[in-house]
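Printed here is entry35.cif (mmCIF, N, CA and C atoms):
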```cif
data_data
loop_
_atom_site.label_atom_id
_atom_site.label_comp_id
_atom_site.auth_asym_id
_atom_site.auth_seq_id
_atom_site.Cartn_x
_atom_site.Cartn_y
_atom_site.Cartn_z
N MET X 1322 -38.51 44.94 41.56
CA MET X 1322 -38.60 43.50 41.60
C MET X 1322 -39.17 42.95 40.29
N LYS X 1323 -40.18 43.64 39.72
CA LYS X 1323 -40.76 43.19 38.47
C LYS X 1323 -39.74 43.24 37.35
N ILE X 1324 -38.89 44.25 37.35
CA ILE X 1324 -37.87 44.38 36.30
C ILE X 1324 -36.89 43.21 36.39
N LEU X 1325 -36.47 42.86 37.57
CA LEU X 1325 -35.57 41.73 37.78
C LEU X 1325 -36.20 40.43 37.28
N PHE X 1326 -37.48 40.25 37.57
CA PHE X 1326 -38.19 39.06 37.11
C PHE X 1326 -38.25 39.03 35.58
N VAL X 1327 -38.55 40.14 34.94
CA VAL X 1327 -38.62 40.23 33.47
C VAL X 1327 -37.26 39.95 32.86
N VAL X 1328 -36.20 40.50 33.44
CA VAL X 1328 -34.83 40.25 32.95
C VAL X 1328 -34.51 38.76 33.06
N PHE X 1329 -34.87 38.15 34.17
CA PHE X 1329 -34.64 36.72 34.35
C PHE X 1329 -35.37 35.90 33.29
N ILE X 1330 -36.63 36.21 33.04
CA ILE X 1330 -37.43 35.49 32.04
C ILE X 1330 -36.81 35.64 30.65
N ILE X 1331 -36.38 36.84 30.29
CA ILE X 1331 -35.76 37.07 28.98
C ILE X 1331 -34.47 36.27 28.87
N PHE X 1332 -33.65 36.28 29.91
CA PHE X 1332 -32.39 35.52 29.91
C PHE X 1332 -32.67 34.02 29.78
N TYR X 1333 -33.66 33.55 30.53
CA TYR X 1333 -34.01 32.13 30.50
C TYR X 1333 -34.50 31.72 29.11
N LEU X 1334 -35.39 32.51 28.53
CA LEU X 1334 -35.92 32.18 27.21
C LEU X 1334 -34.84 32.25 26.13
N SER X 1335 -33.91 33.18 26.24
CA SER X 1335 -32.84 33.25 25.24
C SER X 1335 -31.89 32.07 25.39
N SER X 1336 -31.68 31.57 26.61
CA SER X 1336 -30.81 30.40 26.79
C SER X 1336 -31.47 29.14 26.25
N ILE X 1337 -32.80 29.03 26.37
CA ILE X 1337 -33.52 27.89 25.80
C ILE X 1337 -33.42 27.91 24.28
N ALA X 1338 -33.53 29.08 23.69
CA ALA X 1338 -33.47 29.21 22.23
C ALA X 1338 -32.10 28.80 21.70
N GLN X 1339 -31.04 28.93 22.50
CA GLN X 1339 -29.70 28.59 22.06
C GLN X 1339 -29.35 27.13 22.35
N ALA X 1340 -30.20 26.42 23.06
CA ALA X 1340 -29.92 25.02 23.39
C ALA X 1340 -29.95 24.17 22.13
N ILE X 1341 -29.00 23.27 22.03
CA ILE X 1341 -28.80 22.46 20.83
C ILE X 1341 -28.91 20.98 21.19
N ASP X 1342 -29.47 20.19 20.28
CA ASP X 1342 -29.54 18.74 20.45
C ASP X 1342 -28.50 18.07 19.56
N LEU X 1343 -27.81 17.10 20.12
CA LEU X 1343 -26.81 16.32 19.39
C LEU X 1343 -27.27 14.86 19.38
N THR X 1344 -27.51 14.33 18.17
CA THR X 1344 -27.91 12.94 18.01
C THR X 1344 -26.68 12.14 17.59
N VAL X 1345 -26.44 11.03 18.26
CA VAL X 1345 -25.29 10.19 17.97
C VAL X 1345 -25.79 8.81 17.57
N MET X 1346 -25.42 8.39 16.36
CA MET X 1346 -25.76 7.06 15.84
C MET X 1346 -24.48 6.24 15.85
N VAL X 1347 -24.50 5.09 16.50
CA VAL X 1347 -23.31 4.23 16.57
C VAL X 1347 -23.67 2.87 16.00
N THR X 1348 -22.86 2.41 15.04
CA THR X 1348 -23.07 1.12 14.39
C THR X 1348 -21.80 0.28 14.50
N GLY X 1349 -21.91 -0.97 14.07
CA GLY X 1349 -20.74 -1.83 14.01
C GLY X 1349 -20.51 -2.70 15.22
N PHE X 1350 -21.45 -2.71 16.17
CA PHE X 1350 -21.29 -3.60 17.32
C PHE X 1350 -21.34 -5.04 16.81
N LYS X 1351 -20.48 -5.91 17.35
CA LYS X 1351 -20.46 -7.29 16.86
C LYS X 1351 -21.58 -8.14 17.45
N ASN X 1352 -22.20 -7.66 18.53
CA ASN X 1352 -23.33 -8.35 19.14
C ASN X 1352 -24.10 -7.36 20.01
N ASN X 1353 -25.17 -7.84 20.64
CA ASN X 1353 -25.99 -7.00 21.50
C ASN X 1353 -25.70 -7.22 22.99
N LYS X 1354 -24.64 -7.94 23.32
CA LYS X 1354 -24.32 -8.25 24.71
C LYS X 1354 -23.92 -6.99 25.48
N GLY X 1355 -24.18 -7.00 26.78
CA GLY X 1355 -23.76 -5.91 27.64
C GLY X 1355 -24.48 -4.61 27.31
N ALA X 1356 -23.70 -3.52 27.25
CA ALA X 1356 -24.26 -2.20 26.98
C ALA X 1356 -23.20 -1.34 26.30
N ALA X 1357 -23.64 -0.19 25.83
CA ALA X 1357 -22.71 0.78 25.26
C ALA X 1357 -22.63 1.97 26.20
N GLN X 1358 -21.42 2.41 26.45
CA GLN X 1358 -21.18 3.60 27.27
C GLN X 1358 -20.75 4.70 26.30
N ILE X 1359 -21.51 5.78 26.25
CA ILE X 1359 -21.21 6.89 25.35
C ILE X 1359 -20.98 8.14 26.18
N SER X 1360 -19.85 8.80 25.93
CA SER X 1360 -19.49 9.99 26.71
C SER X 1360 -19.24 11.17 25.80
N LEU X 1361 -19.66 12.33 26.27
CA LEU X 1361 -19.50 13.58 25.55
C LEU X 1361 -18.49 14.43 26.31
N TYR X 1362 -17.50 14.94 25.60
CA TYR X 1362 -16.42 15.73 26.20
C TYR X 1362 -16.46 17.14 25.64
N ASN X 1363 -16.06 18.13 26.45
CA ASN X 1363 -16.05 19.52 25.99
C ASN X 1363 -14.79 20.28 26.38
N LYS X 1364 -13.71 19.57 26.74
CA LYS X 1364 -12.46 20.22 27.13
C LYS X 1364 -11.26 19.50 26.54
N TYR X 1365 -10.26 20.28 26.17
CA TYR X 1365 -9.00 19.69 25.71
C TYR X 1365 -8.37 18.91 26.86
N GLY X 1366 -7.70 17.82 26.52
CA GLY X 1366 -7.03 17.02 27.53
C GLY X 1366 -7.89 15.97 28.18
N THR X 1367 -9.13 15.81 27.73
CA THR X 1367 -10.03 14.86 28.38
C THR X 1367 -10.10 13.52 27.65
N ILE X 1368 -9.58 13.44 26.43
CA ILE X 1368 -9.53 12.18 25.69
C ILE X 1368 -8.07 11.92 25.35
N PRO X 1369 -7.50 10.76 25.51
CA PRO X 1369 -8.14 9.57 26.05
C PRO X 1369 -8.32 9.69 27.56
N ASP X 1370 -9.36 9.13 28.07
CA ASP X 1370 -9.73 9.24 29.47
C ASP X 1370 -9.68 7.85 30.10
N LYS X 1371 -8.53 7.45 30.59
CA LYS X 1371 -8.38 6.10 31.14
C LYS X 1371 -9.28 5.87 32.35
N ASN X 1372 -9.52 6.92 33.12
CA ASN X 1372 -10.38 6.77 34.30
C ASN X 1372 -11.85 6.92 33.97
N GLN X 1373 -12.14 7.34 32.75
CA GLN X 1373 -13.52 7.49 32.26
C GLN X 1373 -14.35 8.39 33.17
N ASP X 1374 -13.72 9.45 33.71
CA ASP X 1374 -14.47 10.33 34.61
C ASP X 1374 -14.32 11.80 34.26
N LYS X 1375 -13.73 12.13 33.13
CA LYS X 1375 -13.54 13.52 32.75
C LYS X 1375 -14.56 13.99 31.72
N PHE X 1376 -15.59 13.25 31.53
CA PHE X 1376 -16.60 13.58 30.53
C PHE X 1376 -17.48 14.74 30.99
N TYR X 1377 -18.13 15.37 30.03
CA TYR X 1377 -19.10 16.43 30.29
C TYR X 1377 -20.46 15.80 30.60
N LYS X 1378 -20.86 14.85 29.77
CA LYS X 1378 -22.11 14.10 29.98
C LYS X 1378 -21.86 12.67 29.52
N THR X 1379 -22.60 11.74 30.09
CA THR X 1379 -22.46 10.35 29.66
C THR X 1379 -23.81 9.64 29.74
N LYS X 1380 -23.95 8.62 28.91
CA LYS X 1380 -25.16 7.80 28.92
C LYS X 1380 -24.74 6.35 28.71
N ARG X 1381 -25.49 5.46 29.30
CA ARG X 1381 -25.28 4.02 29.14
C ARG X 1381 -26.56 3.46 28.56
N VAL X 1382 -26.45 2.78 27.42
CA VAL X 1382 -27.65 2.31 26.73
C VAL X 1382 -27.47 0.87 26.28
N PHE X 1383 -28.60 0.19 26.13
CA PHE X 1383 -28.58 -1.17 25.60
C PHE X 1383 -28.45 -1.11 24.08
N ILE X 1384 -27.79 -2.10 23.55
CA ILE X 1384 -27.57 -2.21 22.11
C ILE X 1384 -28.71 -3.03 21.51
N ILE X 1385 -29.31 -2.51 20.46
CA ILE X 1385 -30.41 -3.21 19.79
C ILE X 1385 -30.06 -3.31 18.31
N ASN X 1386 -30.10 -4.52 17.78
CA ASN X 1386 -29.75 -4.77 16.37
C ASN X 1386 -28.35 -4.26 16.02
N LYS X 1387 -27.43 -4.41 16.98
CA LYS X 1387 -26.02 -4.06 16.80
C LYS X 1387 -25.81 -2.57 16.53
N LYS X 1388 -26.68 -1.72 17.09
CA LYS X 1388 -26.51 -0.27 16.95
C LYS X 1388 -27.21 0.44 18.11
N ILE X 1389 -26.85 1.72 18.28
CA ILE X 1389 -27.50 2.55 19.28
C ILE X 1389 -27.76 3.94 18.71
N LYS X 1390 -28.71 4.60 19.32
CA LYS X 1390 -29.00 6.00 19.00
C LYS X 1390 -29.16 6.72 20.34
N VAL X 1391 -28.40 7.81 20.52
CA VAL X 1391 -28.43 8.57 21.76
C VAL X 1391 -28.60 10.04 21.41
N VAL X 1392 -29.43 10.75 22.18
CA VAL X 1392 -29.61 12.18 21.97
C VAL X 1392 -29.19 12.91 23.24
N PHE X 1393 -28.24 13.84 23.09
CA PHE X 1393 -27.86 14.75 24.17
C PHE X 1393 -28.63 16.05 23.90
N LYS X 1394 -29.50 16.41 24.83
CA LYS X 1394 -30.39 17.56 24.62
C LYS X 1394 -29.88 18.81 25.34
N ASN X 1395 -30.28 19.95 24.79
CA ASN X 1395 -30.04 21.26 25.41
C ASN X 1395 -28.57 21.55 25.69
N LEU X 1396 -27.72 21.30 24.72
CA LEU X 1396 -26.30 21.59 24.87
C LEU X 1396 -26.01 23.04 24.47
N PRO X 1397 -25.05 23.67 25.12
CA PRO X 1397 -24.63 24.99 24.65
C PRO X 1397 -23.73 24.84 23.42
N LYS X 1398 -23.66 25.89 22.61
CA LYS X 1398 -22.74 25.88 21.47
C LYS X 1398 -21.33 25.66 21.99
N GLY X 1399 -20.50 24.99 21.17
CA GLY X 1399 -19.13 24.78 21.60
C GLY X 1399 -18.47 23.65 20.85
N ARG X 1400 -17.28 23.29 21.31
CA ARG X 1400 -16.49 22.21 20.72
C ARG X 1400 -16.65 20.98 21.59
N TYR X 1401 -16.97 19.85 20.93
CA TYR X 1401 -17.23 18.59 21.64
C TYR X 1401 -16.50 17.44 20.96
N ALA X 1402 -16.34 16.36 21.70
CA ALA X 1402 -15.85 15.09 21.16
C ALA X 1402 -16.66 13.99 21.84
N ILE X 1403 -16.79 12.86 21.14
CA ILE X 1403 -17.59 11.74 21.65
C ILE X 1403 -16.73 10.49 21.68
N SER X 1404 -16.85 9.73 22.77
CA SER X 1404 -16.24 8.40 22.81
C SER X 1404 -17.32 7.39 23.17
N VAL X 1405 -17.17 6.20 22.61
CA VAL X 1405 -18.12 5.11 22.86
C VAL X 1405 -17.32 3.84 23.09
N TYR X 1406 -17.76 3.01 24.00
CA TYR X 1406 -17.17 1.68 24.09
C TYR X 1406 -18.25 0.65 24.34
N HIS X 1407 -17.98 -0.56 23.87
CA HIS X 1407 -18.90 -1.68 24.00
C HIS X 1407 -18.51 -2.46 25.25
N ASP X 1408 -19.27 -2.30 26.30
CA ASP X 1408 -19.02 -3.00 27.55
C ASP X 1408 -19.69 -4.37 27.48
N GLU X 1409 -19.08 -5.27 26.73
CA GLU X 1409 -19.67 -6.59 26.48
C GLU X 1409 -19.93 -7.39 27.75
N ASN X 1410 -19.01 -7.33 28.71
CA ASN X 1410 -19.16 -8.12 29.93
C ASN X 1410 -19.90 -7.35 31.02
N ASN X 1411 -20.36 -6.15 30.71
CA ASN X 1411 -21.21 -5.35 31.61
C ASN X 1411 -20.55 -5.07 32.96
N ASN X 1412 -19.24 -4.84 32.97
CA ASN X 1412 -18.54 -4.54 34.22
C ASN X 1412 -18.34 -3.03 34.44
N HIS X 1413 -18.95 -2.22 33.60
CA HIS X 1413 -18.94 -0.75 33.72
C HIS X 1413 -17.55 -0.14 33.57
N LYS X 1414 -16.69 -0.79 32.80
CA LYS X 1414 -15.38 -0.21 32.49
C LYS X 1414 -14.89 -0.76 31.16
N LEU X 1415 -14.00 -0.02 30.54
CA LEU X 1415 -13.39 -0.45 29.28
C LEU X 1415 -12.24 -1.37 29.62
N ASP X 1416 -12.35 -2.64 29.24
CA ASP X 1416 -11.28 -3.60 29.50
C ASP X 1416 -10.15 -3.37 28.51
N ARG X 1417 -8.92 -3.39 29.02
CA ARG X 1417 -7.74 -3.11 28.19
C ARG X 1417 -6.72 -4.23 28.30
N GLY X 1418 -5.97 -4.39 27.21
CA GLY X 1418 -4.80 -5.26 27.21
C GLY X 1418 -3.61 -4.42 27.66
N TRP X 1419 -2.43 -4.72 27.13
CA TRP X 1419 -1.25 -3.96 27.50
C TRP X 1419 -1.38 -2.49 27.09
N PHE X 1420 -1.81 -2.26 25.85
CA PHE X 1420 -1.92 -0.89 25.36
C PHE X 1420 -3.29 -0.58 24.76
N LEU X 1421 -3.89 -1.57 24.16
CA LEU X 1421 -5.11 -1.33 23.40
C LEU X 1421 -6.35 -1.90 24.10
N PRO X 1422 -7.51 -1.35 23.81
CA PRO X 1422 -8.75 -1.86 24.40
C PRO X 1422 -9.06 -3.28 23.93
N LYS X 1423 -9.64 -4.09 24.81
CA LYS X 1423 -10.08 -5.44 24.46
C LYS X 1423 -11.52 -5.43 23.95
N GLU X 1424 -12.25 -4.36 24.25
CA GLU X 1424 -13.65 -4.24 23.83
C GLU X 1424 -13.73 -3.21 22.71
N GLY X 1425 -14.84 -3.20 22.00
CA GLY X 1425 -15.01 -2.28 20.89
C GLY X 1425 -15.05 -0.83 21.34
N VAL X 1426 -14.45 0.04 20.54
CA VAL X 1426 -14.39 1.47 20.85
C VAL X 1426 -14.69 2.29 19.60
N GLY X 1427 -15.08 3.52 19.81
CA GLY X 1427 -15.32 4.44 18.71
C GLY X 1427 -15.23 5.87 19.20
N LEU X 1428 -14.83 6.76 18.29
CA LEU X 1428 -14.74 8.19 18.59
C LEU X 1428 -15.24 9.00 17.42
N SER X 1429 -15.72 10.18 17.72
CA SER X 1429 -16.11 11.09 16.65
C SER X 1429 -14.88 11.46 15.84
N ASN X 1430 -15.04 11.60 14.52
CA ASN X 1430 -13.97 12.00 13.59
C ASN X 1430 -12.77 11.07 13.62
N PHE X 1431 -12.94 9.85 14.06
CA PHE X 1431 -11.78 8.97 14.21
C PHE X 1431 -12.15 7.59 13.73
N HIS X 1432 -11.44 7.08 12.75
CA HIS X 1432 -11.85 5.82 12.12
C HIS X 1432 -10.79 4.73 12.16
N ASN X 1433 -9.58 5.04 12.65
CA ASN X 1433 -8.51 4.07 12.61
C ASN X 1433 -7.64 4.20 13.86
N PHE X 1434 -7.70 3.21 14.75
CA PHE X 1434 -6.91 3.23 15.96
C PHE X 1434 -5.65 2.39 15.78
N SER X 1435 -4.56 2.84 16.35
CA SER X 1435 -3.34 2.05 16.43
C SER X 1435 -2.48 2.65 17.53
N LEU X 1436 -1.38 2.00 17.85
CA LEU X 1436 -0.47 2.55 18.85
C LEU X 1436 0.10 3.90 18.41
N PHE X 1437 0.20 4.11 17.10
CA PHE X 1437 0.83 5.33 16.58
C PHE X 1437 -0.20 6.38 16.15
N ASN X 1438 -1.46 6.04 16.19
CA ASN X 1438 -2.51 6.96 15.78
C ASN X 1438 -3.60 6.95 16.85
N PHE X 1439 -3.23 7.41 18.05
CA PHE X 1439 -4.16 7.34 19.17
C PHE X 1439 -4.97 8.63 19.24
N PRO X 1440 -6.22 8.56 19.66
CA PRO X 1440 -7.10 9.72 19.66
C PRO X 1440 -6.72 10.79 20.66
N SER X 1441 -7.07 12.01 20.34
CA SER X 1441 -6.95 13.14 21.25
C SER X 1441 -8.21 13.97 21.10
N PHE X 1442 -8.45 14.87 22.03
CA PHE X 1442 -9.62 15.73 21.92
C PHE X 1442 -9.55 16.55 20.64
N LYS X 1443 -8.37 17.04 20.32
CA LYS X 1443 -8.20 17.86 19.12
C LYS X 1443 -8.60 17.09 17.86
N LYS X 1444 -8.17 15.84 17.76
CA LYS X 1444 -8.49 15.03 16.58
C LYS X 1444 -9.95 14.61 16.53
N ALA X 1445 -10.55 14.36 17.69
CA ALA X 1445 -11.91 13.83 17.74
C ALA X 1445 -12.99 14.91 17.83
N SER X 1446 -12.59 16.16 18.05
CA SER X 1446 -13.59 17.19 18.33
C SER X 1446 -14.22 17.78 17.06
N PHE X 1447 -15.37 18.38 17.27
CA PHE X 1447 -16.14 19.03 16.21
C PHE X 1447 -16.85 20.22 16.83
N LEU X 1448 -17.20 21.19 16.00
CA LEU X 1448 -17.90 22.37 16.46
C LEU X 1448 -19.40 22.13 16.39
N LEU X 1449 -20.08 22.45 17.46
CA LEU X 1449 -21.53 22.28 17.53
C LEU X 1449 -22.17 23.67 17.62
N ASN X 1450 -22.77 24.11 16.51
CA ASN X 1450 -23.44 25.41 16.46
C ASN X 1450 -24.94 25.29 16.28
N ASP X 1451 -25.39 24.12 15.87
CA ASP X 1451 -26.80 23.89 15.57
C ASP X 1451 -27.09 22.41 15.82
N ASN X 1452 -28.35 22.02 15.81
CA ASN X 1452 -28.68 20.60 15.96
C ASN X 1452 -27.88 19.79 14.96
N LYS X 1453 -27.35 18.65 15.41
CA LYS X 1453 -26.44 17.89 14.56
C LYS X 1453 -26.60 16.40 14.82
N GLU X 1454 -26.29 15.60 13.78
CA GLU X 1454 -26.22 14.15 13.94
C GLU X 1454 -24.81 13.70 13.59
N ILE X 1455 -24.23 12.90 14.48
CA ILE X 1455 -22.88 12.36 14.30
C ILE X 1455 -23.01 10.84 14.16
N LYS X 1456 -22.26 10.27 13.21
CA LYS X 1456 -22.23 8.82 13.05
C LYS X 1456 -20.85 8.30 13.43
N ILE X 1457 -20.86 7.23 14.22
CA ILE X 1457 -19.62 6.61 14.70
C ILE X 1457 -19.71 5.11 14.44
N LYS X 1458 -18.61 4.53 14.03
CA LYS X 1458 -18.54 3.07 13.82
C LYS X 1458 -17.61 2.49 14.89
N ILE X 1459 -18.10 1.47 15.59
CA ILE X 1459 -17.29 0.80 16.61
C ILE X 1459 -16.19 -0.02 15.92
N ILE X 1460 -15.00 0.02 16.51
CA ILE X 1460 -13.85 -0.73 16.00
C ILE X 1460 -13.39 -1.70 17.08
N TYR X 1461 -13.15 -2.94 16.67
CA TYR X 1461 -12.60 -3.96 17.58
C TYR X 1461 -11.16 -4.19 17.17
N LEU X 1462 -10.23 -4.01 18.13
CA LEU X 1462 -8.80 -4.15 17.82
C LEU X 1462 -8.29 -5.54 18.10
#
```
Output the file's structure in the form of structure tokens.
Amino acid sequence: MKILFVVFIIFYLSSIAQAIDLTVMVTGFKNNKGAAQISLYNKYGTIPDKNQDKFYKTKRVFIINKKIKVVFKNLPKGRYAISVYHDENNNHKLDRGWFLPKEGVGLSNFHNFSLFNFPSFKKASFLLNDNKEIKIKIIYL
């Protein structure tokens, strides 16, 4: 029993040592109204996520001085992508027109949205091997 306990403690401590923090800085909000919804994805095929329910982790934060800072703690190493939207009317969903969002949006590694250049997990993803800071600028279409 003691050996099993020691093995568990070693496994637990090694998993803590491998945990990584991801800091996300988002700028470019046109105002402080509503909130920002920021989602972290870790699987191919999850972006774009029209239902906004395929994320790995998500946070909803208030915008201060037209920017936000979010920290996702204790992440395992891997490939991730981030999406952010400005929920100006605070209805907890991304409002859309016929094809494009009506509210501000942003993605990791992605700076230009159009009908012909739409985001995918492959385009937006990055490798997370160590603590990292990602900067994203919100775009209003």
**Polymer residues at most 8 Å from (-23.0, 24.5, 16.4) by all atoms listed in the file, as a list in words** = Ile1341, Pro1397, Lys1398, Gly1399, Arg1400, Phe1447, Leu1448, Leu1449, Asn1450, Asp1451, Asn1452 and Lys1453 of chain X
**Item:** Closest of X:Asn1386, X:Asn1411, X:Thr1379, X:Gln1339 to Asn1353 of chain X - atom-to-atom distances counting only C-alpha atoms
**Value:**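 The shortest atom-to-atom distance to Asn1353 of chain X comes from X:Asn1386.
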**Message:** Counting all atoms listed in the file, which residue out of X:Asn1352, X:Leu1361, X:Val1345, X:Val1426 sits closest to Ile1384 of chain X?
**Reply:**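 Once distances to Ile1384 of chain X are computed over all atoms listed in the file, the minimum belongs to X:Asn1352.
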Expand the PyMOL selection byres ((chain X and resi 1377) around 8) into the explicit residue set it covers here, and present it as a PDB file with N, CA and C atoms, keeping the file's coordinate frame.
```
ATOM      1  N   SER X1360     -19.850   8.800  25.930  1.00  0.00           N
ATOM      2  CA  SER X1360     -19.490   9.990  26.710  1.00  0.00           C
ATOM      3  C   SER X1360     -19.240  11.170  25.800  1.00  0.00           C
ATOM      4  N   LEU X1361     -19.660  12.330  26.270  1.00  0.00           N
ATOM      5  CA  LEU X1361     -19.500  13.580  25.550  1.00  0.00           C
ATOM      6  C   LEU X1361     -18.490  14.430  26.310  1.00  0.00           C
ATOM      7  N   TYR X1362     -17.500  14.940  25.600  1.00  0.00           N
ATOM      8  CA  TYR X1362     -16.420  15.730  26.200  1.00  0.00           C
ATOM      9  C   TYR X1362     -16.460  17.140  25.640  1.00  0.00           C
ATOM     10  N   ASN X1363     -16.060  18.130  26.450  1.00  0.00           N
ATOM     11  CA  ASN X1363     -16.050  19.520  25.990  1.00  0.00           C
ATOM     12  C   ASN X1363     -14.790  20.280  26.380  1.00  0.00           C
ATOM     13  N   LYS X1364     -13.710  19.570  26.740  1.00  0.00           N
ATOM     14  CA  LYS X1364     -12.460  20.220  27.130  1.00  0.00           C
ATOM     15  C   LYS X1364     -11.260  19.500  26.540  1.00  0.00           C
ATOM     16  N   ASP X1374     -13.720   9.450  33.710  1.00  0.00           N
ATOM     17  CA  ASP X1374     -14.470  10.330  34.610  1.00  0.00           C
ATOM     18  C   ASP X1374     -14.320  11.800  34.260  1.00  0.00           C
ATOM     19  N   LYS X1375     -13.730  12.130  33.130  1.00  0.00           N
ATOM     20  CA  LYS X1375     -13.540  13.520  32.750  1.00  0.00           C
ATOM     21  C   LYS X1375     -14.560  13.990  31.720  1.00  0.00           C
ATOM     22  N   PHE X1376     -15.590  13.250  31.530  1.00  0.00           N
ATOM     23  CA  PHE X1376     -16.600  13.580  30.530  1.00  0.00           C
ATOM     24  C   PHE X1376     -17.480  14.740  30.990  1.00  0.00           C
ATOM     25  N   LYS X1378     -20.860  14.850  29.770  1.00  0.00           N
ATOM     26  CA  LYS X1378     -22.110  14.100  29.980  1.00  0.00           C
ATOM     27  C   LYS X1378     -21.860  12.670  29.520  1.00  0.00           C
ATOM     28  N   THR X1379     -22.600  11.740  30.090  1.00  0.00           N
ATOM     29  CA  THR X1379     -22.460  10.350  29.660  1.00  0.00           C
ATOM     30  C   THR X1379     -23.810   9.640  29.740  1.00  0.00           C
TER      31      THR X1379
END
```
**Message:** Taking 6 positions as the minimum chain separation for residues in the same chain, which residues sit within 6 Å of Ile1368 of chain X when counting only N, CA and C atoms? Answer as a list of chain:residue names.
**Reply:**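 The contact residues come out as X:Pro1440, X:Ser1441, X:Phe1442.
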**Request:** Go through X:Gly1349, X:Gly1425, X:Ile1385, X:Ile1455 one by one, measure the shortest atom-to-atom distance of each to Val1405 of chain X using all atoms listed in the file, and give the residue with the smallest value.
**Result:**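 Under the stated criterion, the closest residue is X:Gly1425.
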**Prompt:** Counting only C-alpha atoms, which of X:Phe1420, X:Phe1431, X:Phe1393, X:Phe1383 gets nearest to Ala1340 of chain X?
**Reply:**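 Smallest separation from Ala1340 of chain X among the options: X:Phe1393.
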**Request:** Calculate how many Å separate atom C of Lys1444 of chain X from atom CA of Asn1430 of chain X, rounding to one decimal.
**Result:**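 Between atom C of Lys1444 of chain X and atom CA of Asn1430 of chain X the gap works out to 5.6 Å.
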**Complete:** Restricting to only N, CA and C atoms, whichever of X:Ile1359, X:Lys1423, X:Asp1342, X:Val1347 is closest to Lys1456 of chain X is X:Val1347
**Evaluate the PyMOL selection byres ((chain X and resi 1406) around 8) and report residues as a VMD selection string** = chain X and resid 1356 to 1360 1403 to 1405 1407 to 1409 1414 to 1415 1424 to 1428 1459
**Prompt:** Distance atom CA of Lys1380 of chain X-atom CA of Tyr1461 of chain X, one decimal place?
**Reply:**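 Separation of atom CA of Lys1380 of chain X and atom CA of Tyr1461 of chain X: 20.6 Å.
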**Prompt:** So how many Å separate atom C of Lys1354 of chain X and atom C of Arg1417 of chain X, to one decimal?
**Reply:**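 For atom C of Lys1354 of chain X relative to atom C of Arg1417 of chain X, the distance reads 17.6 Å.
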**Message:** Using DSSP secondary structure from the backbone, list all alpha helix (DSSP H) positions within segment 1413-1462 of chain X, as a list in words.
**Reply:**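 Put together, the selection reads Phe1442, Lys1443, Lys1444 and Ala1445 of chain X.
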**Message:** I need the residues of segment 1377-1462 of chain X that end up classed as strand (DSSP E) by DSSP on the backbone, written out as an MDAnalysis selection string.
**Reply:** chainID X and resid 1378:1382 1388:1396 1399:1408 1426:1428 1447:1449 1453:1458
Emit as lines of an AutoDock Vina configuration file the padded axis-aligned box for all listed atoms of segment 1442-1457 of chain X, 3 Å per side, with centre and edge lengths in Å to one decimal.
```
center_x = -18.4
center_y = 15.3
center_z = 17.5
size_x = 26.5
size_y = 26.3
size_z = 15.0
```
**Message:** Nearest residue to Ile1389 of chain X out of X:Phe1350, X:Trp1419, X:Tyr1401, X:Lys1443, using all atoms listed in the file?
**Reply:**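 Under the stated criterion, the closest residue is X:Phe1350.
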